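Undergrad: This is the structure, below, for whatever I ask next.
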Amino acid sequence: MGKRKLIAIMILVSLPIVIAGLRKLFTRTYAEKVTIGIIQTASHPALDAARLGFMQEAEHLFKGNVTFIIRNAQGSIDALQTIAQQFHHNQSVDGIYAIATPALQSVAHIEKRKPIFFAAVTDPYQLNILSTETNITGITDLINPELSLMALKLLIPQIKKVGIIFSASETNSLVLVKEFEKLCKHQHIAVRKIALSNEADVSAAVTHAINDIEALIAPTDNMVATTAPLIGKIAEKYKIPFMVSDNLLLPYACISNGIDYTQTGRQVAQQAYQVLTNHKHPYEVPICTAQETTPLVNQAITNALGITLSQEALCTLTIVEQGEDHA
Amino acid sequence: MHELALLQGIIERGLLFAPIVLAMYIASYTIKFDDLSVEGSFGLGGSLTAVLLTHSYNGWIAAVCAVVTGCATGLITGFLHTKLRLNTLISGLVVTTGAFSIILKLSGPHLTFNEAHTLFKTAEYAETYRYLLLLLPLSLALVSVTRWFLRTQVGLLMRALGDNPQAVTTIGKSIHLYQVLALSITNGLCSLSGCLFVQYVGFFSIWSQVGILIIGLASLMLSQAIQKGFGFHLLLGPIVYQSLIASIFELNLDQDWNKLFTALLIVLLIVLKQAFKTRDAHV
């Protein structure tokens with residue numbers, strides 16, 4: 001190997017360090033300004049909302065004295081490692097905001113000192129990262145499945161069999177599927193599980209299962225989220241109500257009992273403010289669940305399905321007319 | 001020295017993918033079989049490792065089990081191609097697809113384990129250098145062993161298989177046997193890489209296998225741009241790739257552009273290298 005080649009390789013390998021050094025030289029750092037590193041697992045409407053909500057609220061709380069370093073790994077666990085390490089070694093980063101489980105887990109494994117805030121994580125307790133003096137806090141996105149089922153029963157009081165549609169590869173949805181199954185069993189509703197393995201299967205899987213069930217339930221699930229328009233269309237064709245757990249998906253569904261991710265982001269920003277400005281330790285700021293909202297009903301779809309809303313349903317559920325943007 | 005720590009991380013992450021680059025070299029250059037089962041065996045290795053570690057097995061034992069599982073995966077790919085006469089690409093693709101379900105049954109989509117048993121604990125006394133202390137000798141040894149192997153009689157026959165399959169038949173050896181054998185070795189290496197990766201990051205996620213094929217191929221191309229053929233420069237490819245990824249993040253772009261810039265950088269490097277080569281040829 002020639003000398004020139006060796007030099008070229010050395011330059012290439014040290015390229016990120018050179019860029020980091022140059023950036024440090026040319027960006028003036030204000031001592032009183034807080035810097036928050038945002039590490040997002042992938043691009044997804046809910047995760048983007050969690051990021052934007054956080055940034056808006058933080059901007060407001062810190063009165064503009066905050067800068068963000070935004071990084072998106074686009075689904076690669078390998079890239080998450082790179083980002084986590086860069087945040088760990090970047091002295092100007094005061095706190096890290098991790099969006100979704102893989103991002104949280106990658107950061108938690110590398111960063112043991114700087115405070116970490118998380119959103120869009122369903123069950124942080126099973127990740128083996130929390131200790132008594134942990135540097136981690138955040139808002140979990142576990143929805144209340146009892147509320148979902150109650151809303152469904154308000155629409156179809158005599159329901160006997162439901163289908164649960166989810167992707168087998170997502171931890172978040174598996175946690176909820178289990179909860180739904182338990183609740184349904186309790187209320188003597190039979191369950192048919194429809195596991196998706198990739199987006200191309202959705203149409204076939206739904207069409208085959210739909211003759212057998214009276215309603216279709218989806219947990220917080222990325223694959224369902226991306227294919228919701230299709231699932232909604234099939235459900236409407238077969239006159240089956242479709243219930244989702246993400247309010248962004250209401251235009252395609254009959255009912256939605258979900259987390260408002262923008263709101264979750266705002267809640268996390270308040271936690272971050274507590275830690276970074278009021279100098280609390282992250283373990284003094286408890287991990288909370290997202291604020292509960294009343295389930296939403298899409299009136300255009302209930303009309304199309306021929307469901308008449310009872311007085312009780314009109315009182316307890318929020319009725320949304322089509323076209324109204326509720327996200 | 002934070003800058004040095006960043007460099008160290010890049011080298012570590014590069015070396016994690018070194019077994020995959022070796023495997024892809026053997027598959028694509030030596031036996032000329034474009035193996036798409038890479039992602040499947042990487043995921044299987046990682047998944048199995050995570051499961052064994054949650055049951056408090058030692059990380060080294062997990063590594064051995066992962067390699068064996070990988071070899072078995074390779075046997076299936078080879079069997080599909082040689083006995084059932086599936087096209088090379090299809091047989092790999094089918095294995096990766098099927099492996100997805102097996103991984104989900106084995107470990108679920110996400111599994112965290114107790115880090116007390118990972119193989120990096122063996123070098124714990126080296127503190128922050130423990131990863132390098134294990135990965136560097138391991139990858140150097142892998143390259144040496146593979147180089148030695150390619151020069152043995154079996155290795156020579158594999159090379160002949162890629163250059164001129166007829167020659168292998170003429171001397172009375174079975175093409176299929178050597179194809180299956182080579183695939184078994186390459187998938188064993190991929191699985192080892194998955195095992196190391198999972199022990200390095202501290203958790204298993206079903207998404208860790210997605211995109212591995214691109215990382216491996218890009219790393220292989222970069223190392224071939226450095227120097228053609230087999231050798232220790234195969235370890236440099238993945239390290240250069242990791243430093244490109246790190247550079248893209250350091251550039252602080254609008255994050256949607258990251259992938260395009262990575263692609264453009266790889267193209268630029270390979271084109272630059274070719275330009276230098278033709279210029280040198282003229283001088």
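How things are named: the first chain in the structure tokens is A, the next is B, and so on; residues count from 1 in each chain; ligands count from 1 in the order shown.
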Got a sec to pull out which chain A residues are within 8 Å of chain B, counting only C-alpha atoms, and send them as a PyMOL selection string?
TA: chain A and resi 1+5+9+12-17+19-20+69-72+75-79+81-83+85-86+89-90+102+105-106+109+126-128+168-171
Undergrad: Keeping only N, CA, C and O atoms, write those residues as a compact mmCIF listing (two decimals), in the first residue's frame.
TA:
# COMPACT_ATOMS: atom_id res chain seq x y z
N MET A 1 0.85 -1.20 0.00
CA MET A 1 0.00 0.00 0.00
C MET A 1 0.88 1.24 0.00
O MET A 1 1.81 1.35 0.80
N LYS A 5 -1.78 6.58 -0.31
CA LYS A 5 -3.03 5.93 0.06
C LYS A 5 -3.25 5.95 1.56
O LYS A 5 -4.33 6.23 2.06
N ILE A 9 -6.34 7.57 3.66
CA ILE A 9 -7.19 6.83 4.60
C ILE A 9 -7.21 7.53 5.95
O ILE A 9 -8.26 7.69 6.58
N LEU A 12 -9.43 10.48 5.79
CA LEU A 12 -10.83 10.08 5.75
C LEU A 12 -11.33 9.70 7.13
O LEU A 12 -12.41 10.11 7.55
N VAL A 13 -10.54 8.89 7.84
CA VAL A 13 -10.99 8.39 9.13
C VAL A 13 -11.09 9.52 10.15
O VAL A 13 -11.96 9.52 11.01
N SER A 14 -10.20 10.52 10.02
CA SER A 14 -10.26 11.60 11.01
C SER A 14 -11.20 12.73 10.57
O SER A 14 -11.34 13.73 11.27
N LEU A 15 -11.86 12.54 9.43
CA LEU A 15 -12.76 13.57 8.90
C LEU A 15 -13.82 14.05 9.91
O LEU A 15 -13.98 15.25 10.12
N PRO A 16 -14.54 13.11 10.58
CA PRO A 16 -15.56 13.57 11.52
C PRO A 16 -14.99 14.43 12.64
O PRO A 16 -15.64 15.36 13.11
N ILE A 17 -13.76 14.10 13.06
CA ILE A 17 -13.17 14.85 14.17
C ILE A 17 -12.80 16.24 13.71
O ILE A 17 -13.00 17.23 14.41
N ILE A 19 -14.29 17.90 11.30
CA ILE A 19 -15.54 18.67 11.16
C ILE A 19 -16.01 19.13 12.53
O ILE A 19 -16.39 20.29 12.72
N ALA A 20 -15.96 18.20 13.52
CA ALA A 20 -16.41 18.55 14.87
C ALA A 20 -15.58 19.71 15.41
O ALA A 20 -16.11 20.65 15.99
N ILE A 69 -29.62 20.25 18.97
CA ILE A 69 -28.85 19.53 17.95
C ILE A 69 -29.73 18.35 17.57
O ILE A 69 -29.93 17.44 18.36
N ILE A 70 -30.29 18.36 16.35
CA ILE A 70 -31.25 17.34 15.96
C ILE A 70 -30.55 16.26 15.14
O ILE A 70 -29.86 16.55 14.17
N ARG A 71 -30.74 15.01 15.56
CA ARG A 71 -30.16 13.88 14.83
C ARG A 71 -31.22 12.81 14.63
O ARG A 71 -31.94 12.47 15.57
N ASN A 72 -31.32 12.28 13.40
CA ASN A 72 -32.29 11.23 13.10
C ASN A 72 -31.55 10.04 12.52
O ASN A 72 -30.86 10.15 11.51
N GLY A 75 -33.84 4.80 11.42
CA GLY A 75 -34.07 3.37 11.64
C GLY A 75 -32.84 2.51 11.82
O GLY A 75 -32.97 1.33 12.09
N SER A 76 -31.65 3.09 11.71
CA SER A 76 -30.45 2.27 11.81
C SER A 76 -29.90 2.26 13.24
O SER A 76 -29.58 3.31 13.80
N ILE A 77 -29.80 1.06 13.83
CA ILE A 77 -29.29 0.93 15.19
C ILE A 77 -27.81 1.32 15.22
O ILE A 77 -27.32 1.90 16.19
N ASP A 78 -27.12 1.03 14.12
CA ASP A 78 -25.71 1.38 14.00
C ASP A 78 -25.53 2.90 14.07
O ASP A 78 -24.67 3.40 14.79
N ALA A 79 -26.39 3.64 13.35
CA ALA A 79 -26.29 5.10 13.36
C ALA A 79 -26.65 5.66 14.74
O ALA A 79 -26.07 6.65 15.18
N GLN A 81 -25.87 4.39 17.53
CA GLN A 81 -24.65 4.30 18.32
C GLN A 81 -23.74 5.49 18.04
O GLN A 81 -23.20 6.10 18.95
N THR A 82 -23.58 5.82 16.75
CA THR A 82 -22.74 6.95 16.37
C THR A 82 -23.24 8.23 17.02
O THR A 82 -22.47 8.99 17.61
N ILE A 83 -24.56 8.48 16.93
CA ILE A 83 -25.12 9.71 17.47
C ILE A 83 -24.95 9.75 18.98
O ILE A 83 -24.52 10.76 19.55
N GLN A 85 -22.81 8.38 20.83
CA GLN A 85 -21.42 8.62 21.20
C GLN A 85 -21.03 10.08 20.98
O GLN A 85 -20.32 10.68 21.79
N GLN A 86 -21.51 10.66 19.88
CA GLN A 86 -21.19 12.06 19.62
C GLN A 86 -21.78 12.97 20.69
O GLN A 86 -21.12 13.89 21.16
N HIS A 89 -19.72 12.73 23.93
CA HIS A 89 -18.42 13.41 23.94
C HIS A 89 -18.51 14.89 23.63
O HIS A 89 -17.51 15.58 23.70
N ASN A 90 -19.69 15.38 23.25
CA ASN A 90 -19.84 16.79 22.95
C ASN A 90 -20.10 17.54 24.27
O ASN A 90 -21.16 17.42 24.86
N PRO A 102 -35.51 2.32 20.77
CA PRO A 102 -34.12 2.06 20.40
C PRO A 102 -33.19 3.24 20.69
O PRO A 102 -32.07 3.06 21.15
N GLN A 105 -32.54 3.36 24.44
CA GLN A 105 -31.66 2.28 24.88
C GLN A 105 -30.21 2.53 24.47
O GLN A 105 -29.29 2.29 25.24
N SER A 106 -30.01 3.03 23.25
CA SER A 106 -28.65 3.31 22.79
C SER A 106 -28.00 4.40 23.63
O SER A 106 -26.84 4.28 24.02
N HIS A 109 -27.16 3.34 27.26
CA HIS A 109 -26.03 2.43 27.37
C HIS A 109 -24.70 3.18 27.40
O HIS A 109 -23.74 2.75 28.02
N GLN A 126 -38.90 -2.34 31.55
CA GLN A 126 -38.37 -3.65 31.16
C GLN A 126 -37.06 -3.52 30.37
O GLN A 126 -36.53 -4.50 29.88
N LEU A 127 -36.55 -2.31 30.22
CA LEU A 127 -35.35 -2.12 29.40
C LEU A 127 -34.05 -2.28 30.19
O LEU A 127 -32.97 -2.19 29.62
N ASN A 128 -34.17 -2.48 31.52
CA ASN A 128 -32.97 -2.74 32.30
C ASN A 128 -32.04 -1.53 32.39
O ASN A 128 -30.83 -1.69 32.45
N ALA A 168 -45.88 -7.93 14.46
CA ALA A 168 -45.25 -8.79 15.46
C ALA A 168 -43.86 -8.30 15.84
O ALA A 168 -43.29 -8.77 16.80
N SER A 169 -43.34 -7.33 15.10
CA SER A 169 -41.96 -6.91 15.35
C SER A 169 -41.84 -5.65 16.18
O SER A 169 -40.78 -5.08 16.27
N GLU A 170 -42.94 -5.19 16.80
CA GLU A 170 -42.84 -3.96 17.57
C GLU A 170 -43.19 -4.19 19.04
O GLU A 170 -44.28 -4.62 19.37
N THR A 171 -42.22 -3.91 19.90
CA THR A 171 -42.42 -4.11 21.34
C THR A 171 -43.61 -3.33 21.86
O THR A 171 -44.42 -3.85 22.61
Undergrad: Just list as a PyMOL selection string whatever in range 71-262 of chain A DSSP marks as strand (DSSP E).
TA: chain A and resi 71-72+95-99+116-121+136-140+161-167+190-196+215-217+242-246+255-259
Undergrad: Just want the 12 Å neighbourhood of Ala209 in chain A, counted on only C-alpha atoms, with same-chain residues fewer than 2 positions away dropped. Output as a list in words.
TA: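 These residues fall inside the cut-off: Lys161, Val162, Gly163, Ile164, Ile165, Val191, Arg192, Lys193, Ile194, Ala195, Leu196, Val202, Ser203, Ala204, Ala205, Val206, Thr207, Asn211, Asp212, Ile213, Glu214, Ala215, Leu216, Ile231, Ile234, Ala235, Tyr238 and Ile240 of chain A.
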Undergrad: Among the residues of range 34-90 of chain A, find those DSSP assigns to alpha helix (DSSP H) from the backbone and print them as a ChimeraX atom specification.
TA: /A:45-61,77-89
Undergrad: Mind checking which residues fall within 12 Å of range 137-153 of chain B, counting only C-alpha atoms, ignoring those fewer than 6 positions away in the same chain, and posting them as an MDAnalysis selection string?
TA: chainID B and resid 11:12 14:23 25:26 30:31 119:120 130:131 159:160 168 173 178 182 185:186 189 192:193 196 229:236 238
Undergrad: Point out the residue among B:Thr262, B:Ser219, B:Asn187, B:Gln274 with the least atom-to-atom distance to Glu39 in chain B, counting only C-alpha atoms.
TA: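 Selected residue with least distance to Glu39 in chain B: B:Asn187.
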Undergrad: Counting only C-alpha atoms, figure out which residue out of B:Gln166, B:Leu222, B:Gly92, B:Ala63 gets nearest to Leu265 in chain B.
TA: B:Leu222
Undergrad: Extract, using only C-alpha atoms, all DNA, RNA and protein residues at most 12 Å from Ala123 in chain B, discarding same-chain residues fewer than 4 positions from it, and format them as a ChimeraX atom specification.
TA: /B:117-119,127-135
Undergrad: Grab the residues selected above and save them as a compact mmCIF listing (two decimals), in the first residue's frame with all heavy atoms.
TA:
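result23.txt was written with the following content:
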# COMPACT_ATOMS: atom_id res chain seq x y z
N HIS B 117 -22.46 -10.59 31.56
CA HIS B 117 -21.89 -11.79 30.96
C HIS B 117 -21.31 -11.58 29.57
O HIS B 117 -20.88 -12.53 28.94
CB HIS B 117 -22.96 -12.89 30.90
CG HIS B 117 -23.58 -13.16 32.21
ND1 HIS B 117 -22.93 -13.84 33.21
CD2 HIS B 117 -24.80 -12.83 32.71
CE1 HIS B 117 -23.71 -13.91 34.28
NE2 HIS B 117 -24.85 -13.31 34.00
N THR B 118 -21.35 -10.34 29.03
CA THR B 118 -20.88 -10.16 27.65
C THR B 118 -19.39 -10.48 27.55
O THR B 118 -18.66 -10.41 28.54
CB THR B 118 -21.08 -8.72 27.15
OG1 THR B 118 -20.29 -7.86 27.95
CG2 THR B 118 -22.54 -8.30 27.23
N LEU B 119 -18.96 -10.82 26.34
CA LEU B 119 -17.56 -11.20 26.19
C LEU B 119 -16.61 -10.04 26.41
O LEU B 119 -15.43 -10.21 26.67
CB LEU B 119 -17.32 -11.90 24.85
CG LEU B 119 -17.68 -11.27 23.52
CD1 LEU B 119 -16.63 -10.28 23.09
CD2 LEU B 119 -17.82 -12.35 22.47
N GLU B 127 -10.74 -1.05 30.88
CA GLU B 127 -11.74 0.02 30.95
C GLU B 127 -12.27 0.44 29.58
O GLU B 127 -12.82 -0.38 28.87
CB GLU B 127 -11.17 1.20 31.75
CG GLU B 127 -11.07 0.82 33.22
CD GLU B 127 -10.42 1.87 34.06
OE1 GLU B 127 -10.18 2.98 33.57
OE2 GLU B 127 -10.17 1.56 35.24
N THR B 128 -12.04 1.72 29.18
CA THR B 128 -12.66 2.16 27.92
C THR B 128 -12.03 1.48 26.70
O THR B 128 -12.59 1.52 25.62
CB THR B 128 -12.56 3.68 27.75
OG1 THR B 128 -11.20 4.05 27.91
CG2 THR B 128 -13.42 4.41 28.76
N TYR B 129 -10.83 0.90 26.87
CA TYR B 129 -10.19 0.27 25.73
C TYR B 129 -10.58 -1.19 25.56
O TYR B 129 -10.06 -1.90 24.72
CB TYR B 129 -8.67 0.38 25.86
CG TYR B 129 -8.21 1.81 25.82
CD1 TYR B 129 -7.81 2.46 26.97
CD2 TYR B 129 -8.19 2.50 24.61
CE1 TYR B 129 -7.42 3.80 26.93
CE2 TYR B 129 -7.80 3.82 24.56
CZ TYR B 129 -7.42 4.47 25.73
OH TYR B 129 -7.04 5.78 25.68
N ARG B 130 -11.52 -1.66 26.43
CA ARG B 130 -11.81 -3.10 26.42
C ARG B 130 -12.37 -3.57 25.08
O ARG B 130 -12.09 -4.69 24.66
CB ARG B 130 -12.73 -3.49 27.56
CG ARG B 130 -14.10 -2.84 27.57
CD ARG B 130 -14.92 -3.47 28.70
NE ARG B 130 -16.25 -2.90 28.79
CZ ARG B 130 -16.56 -1.84 29.53
NH1 ARG B 130 -15.62 -1.25 30.23
NH2 ARG B 130 -17.79 -1.40 29.56
N TYR B 131 -13.14 -2.70 24.40
CA TYR B 131 -13.71 -3.13 23.12
C TYR B 131 -12.61 -3.32 22.08
O TYR B 131 -12.55 -4.33 21.40
CB TYR B 131 -14.72 -2.09 22.63
CG TYR B 131 -15.87 -1.91 23.58
CD1 TYR B 131 -16.04 -0.73 24.28
CD2 TYR B 131 -16.79 -2.93 23.79
CE1 TYR B 131 -17.09 -0.55 25.15
CE2 TYR B 131 -17.84 -2.78 24.68
CZ TYR B 131 -17.99 -1.58 25.35
OH TYR B 131 -19.02 -1.42 26.23
N LEU B 132 -11.71 -2.30 22.00
CA LEU B 132 -10.62 -2.38 21.03
C LEU B 132 -9.72 -3.56 21.35
O LEU B 132 -9.28 -4.28 20.44
CB LEU B 132 -9.79 -1.11 21.07
CG LEU B 132 -10.22 0.01 20.15
CD1 LEU B 132 -9.20 1.13 20.17
CD2 LEU B 132 -10.38 -0.51 18.72
N LEU B 133 -9.46 -3.77 22.62
CA LEU B 133 -8.54 -4.82 23.04
C LEU B 133 -9.01 -6.19 22.56
O LEU B 133 -8.21 -7.06 22.29
CB LEU B 133 -8.43 -4.81 24.57
CG LEU B 133 -7.26 -5.58 25.14
CD1 LEU B 133 -5.96 -4.87 24.85
CD2 LEU B 133 -7.44 -5.79 26.63
N LEU B 134 -10.32 -6.38 22.48
CA LEU B 134 -10.84 -7.66 22.00
C LEU B 134 -11.07 -7.65 20.50
O LEU B 134 -10.73 -8.61 19.81
CB LEU B 134 -12.16 -7.98 22.70
CG LEU B 134 -12.02 -8.58 24.08
CD1 LEU B 134 -13.37 -8.81 24.70
CD2 LEU B 134 -11.25 -9.89 24.02
N LEU B 135 -11.64 -6.55 19.99
CA LEU B 135 -12.05 -6.54 18.57
C LEU B 135 -10.85 -6.56 17.63
O LEU B 135 -10.88 -7.22 16.60
CB LEU B 135 -12.93 -5.32 18.29
CG LEU B 135 -14.33 -5.39 18.85
CD1 LEU B 135 -15.06 -4.06 18.65
CD2 LEU B 135 -15.12 -6.51 18.17
Undergrad: Which residue out of A:Cys254, A:Leu142, A:Ala98, A:Ala300 has the minimum interatomic distance to Pro219 in chain A when only C-alpha atoms are used?
TA: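 Closest residue, counting only C-alpha atoms: A:Leu142.
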Undergrad: Smallest atom-to-atom distance to Glu199 in chain A: which of A:Gln270, A:Ser167, A:Ser173, A:Thr140, using only C-alpha atoms?
TA: A:Ser167
Undergrad: Using only C-alpha atoms, determine which residues lie at most 9 Å from Arg113 in chain A, disregarding the query and same-chain residues fewer than 4 positions distant; provide the list as an MDAnalysis selection string.
TA: chainID A and resid 88 134:135
Undergrad: What is the CA of Ala119 in chain A to CA of Ser131 in chain A distance in Å?
TA: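 Going from CA of Ala119 in chain A over to CA of Ser131 in chain A, I get 18.4 Å.
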Undergrad: Any idea what's packed within 8 Å of Thr308 in chain A, counting only C-alpha atoms, ignoring anything in its chain fewer than 5 positions away? Could you give it as number ranges by chain?
TA: A: 155, 302-303
Undergrad: Would you write out those residues with all heavy atoms, as a compact mmCIF listing (two decimals), in the first residue's frame?
TA:
# COMPACT_ATOMS: atom_id res chain seq x y z
N LEU A 155 -70.29 2.19 21.20
CA LEU A 155 -70.74 2.18 19.81
C LEU A 155 -71.47 0.89 19.47
O LEU A 155 -72.49 0.91 18.79
CB LEU A 155 -69.55 2.39 18.86
CG LEU A 155 -69.42 3.81 18.32
CD1 LEU A 155 -69.12 4.78 19.45
CD2 LEU A 155 -68.33 3.88 17.27
N THR A 302 -68.81 6.83 11.15
CA THR A 302 -69.92 6.19 11.87
C THR A 302 -71.21 6.28 11.04
O THR A 302 -71.98 5.33 10.99
CB THR A 302 -70.17 6.79 13.27
OG1 THR A 302 -70.08 8.19 13.17
CG2 THR A 302 -69.19 6.28 14.28
N ASN A 303 -71.40 7.42 10.38
CA ASN A 303 -72.57 7.56 9.50
C ASN A 303 -72.53 6.55 8.37
O ASN A 303 -73.52 5.89 8.07
CB ASN A 303 -72.62 8.97 8.90
CG ASN A 303 -73.04 9.99 9.95
OD1 ASN A 303 -73.53 9.62 11.02
ND2 ASN A 303 -72.82 11.26 9.66
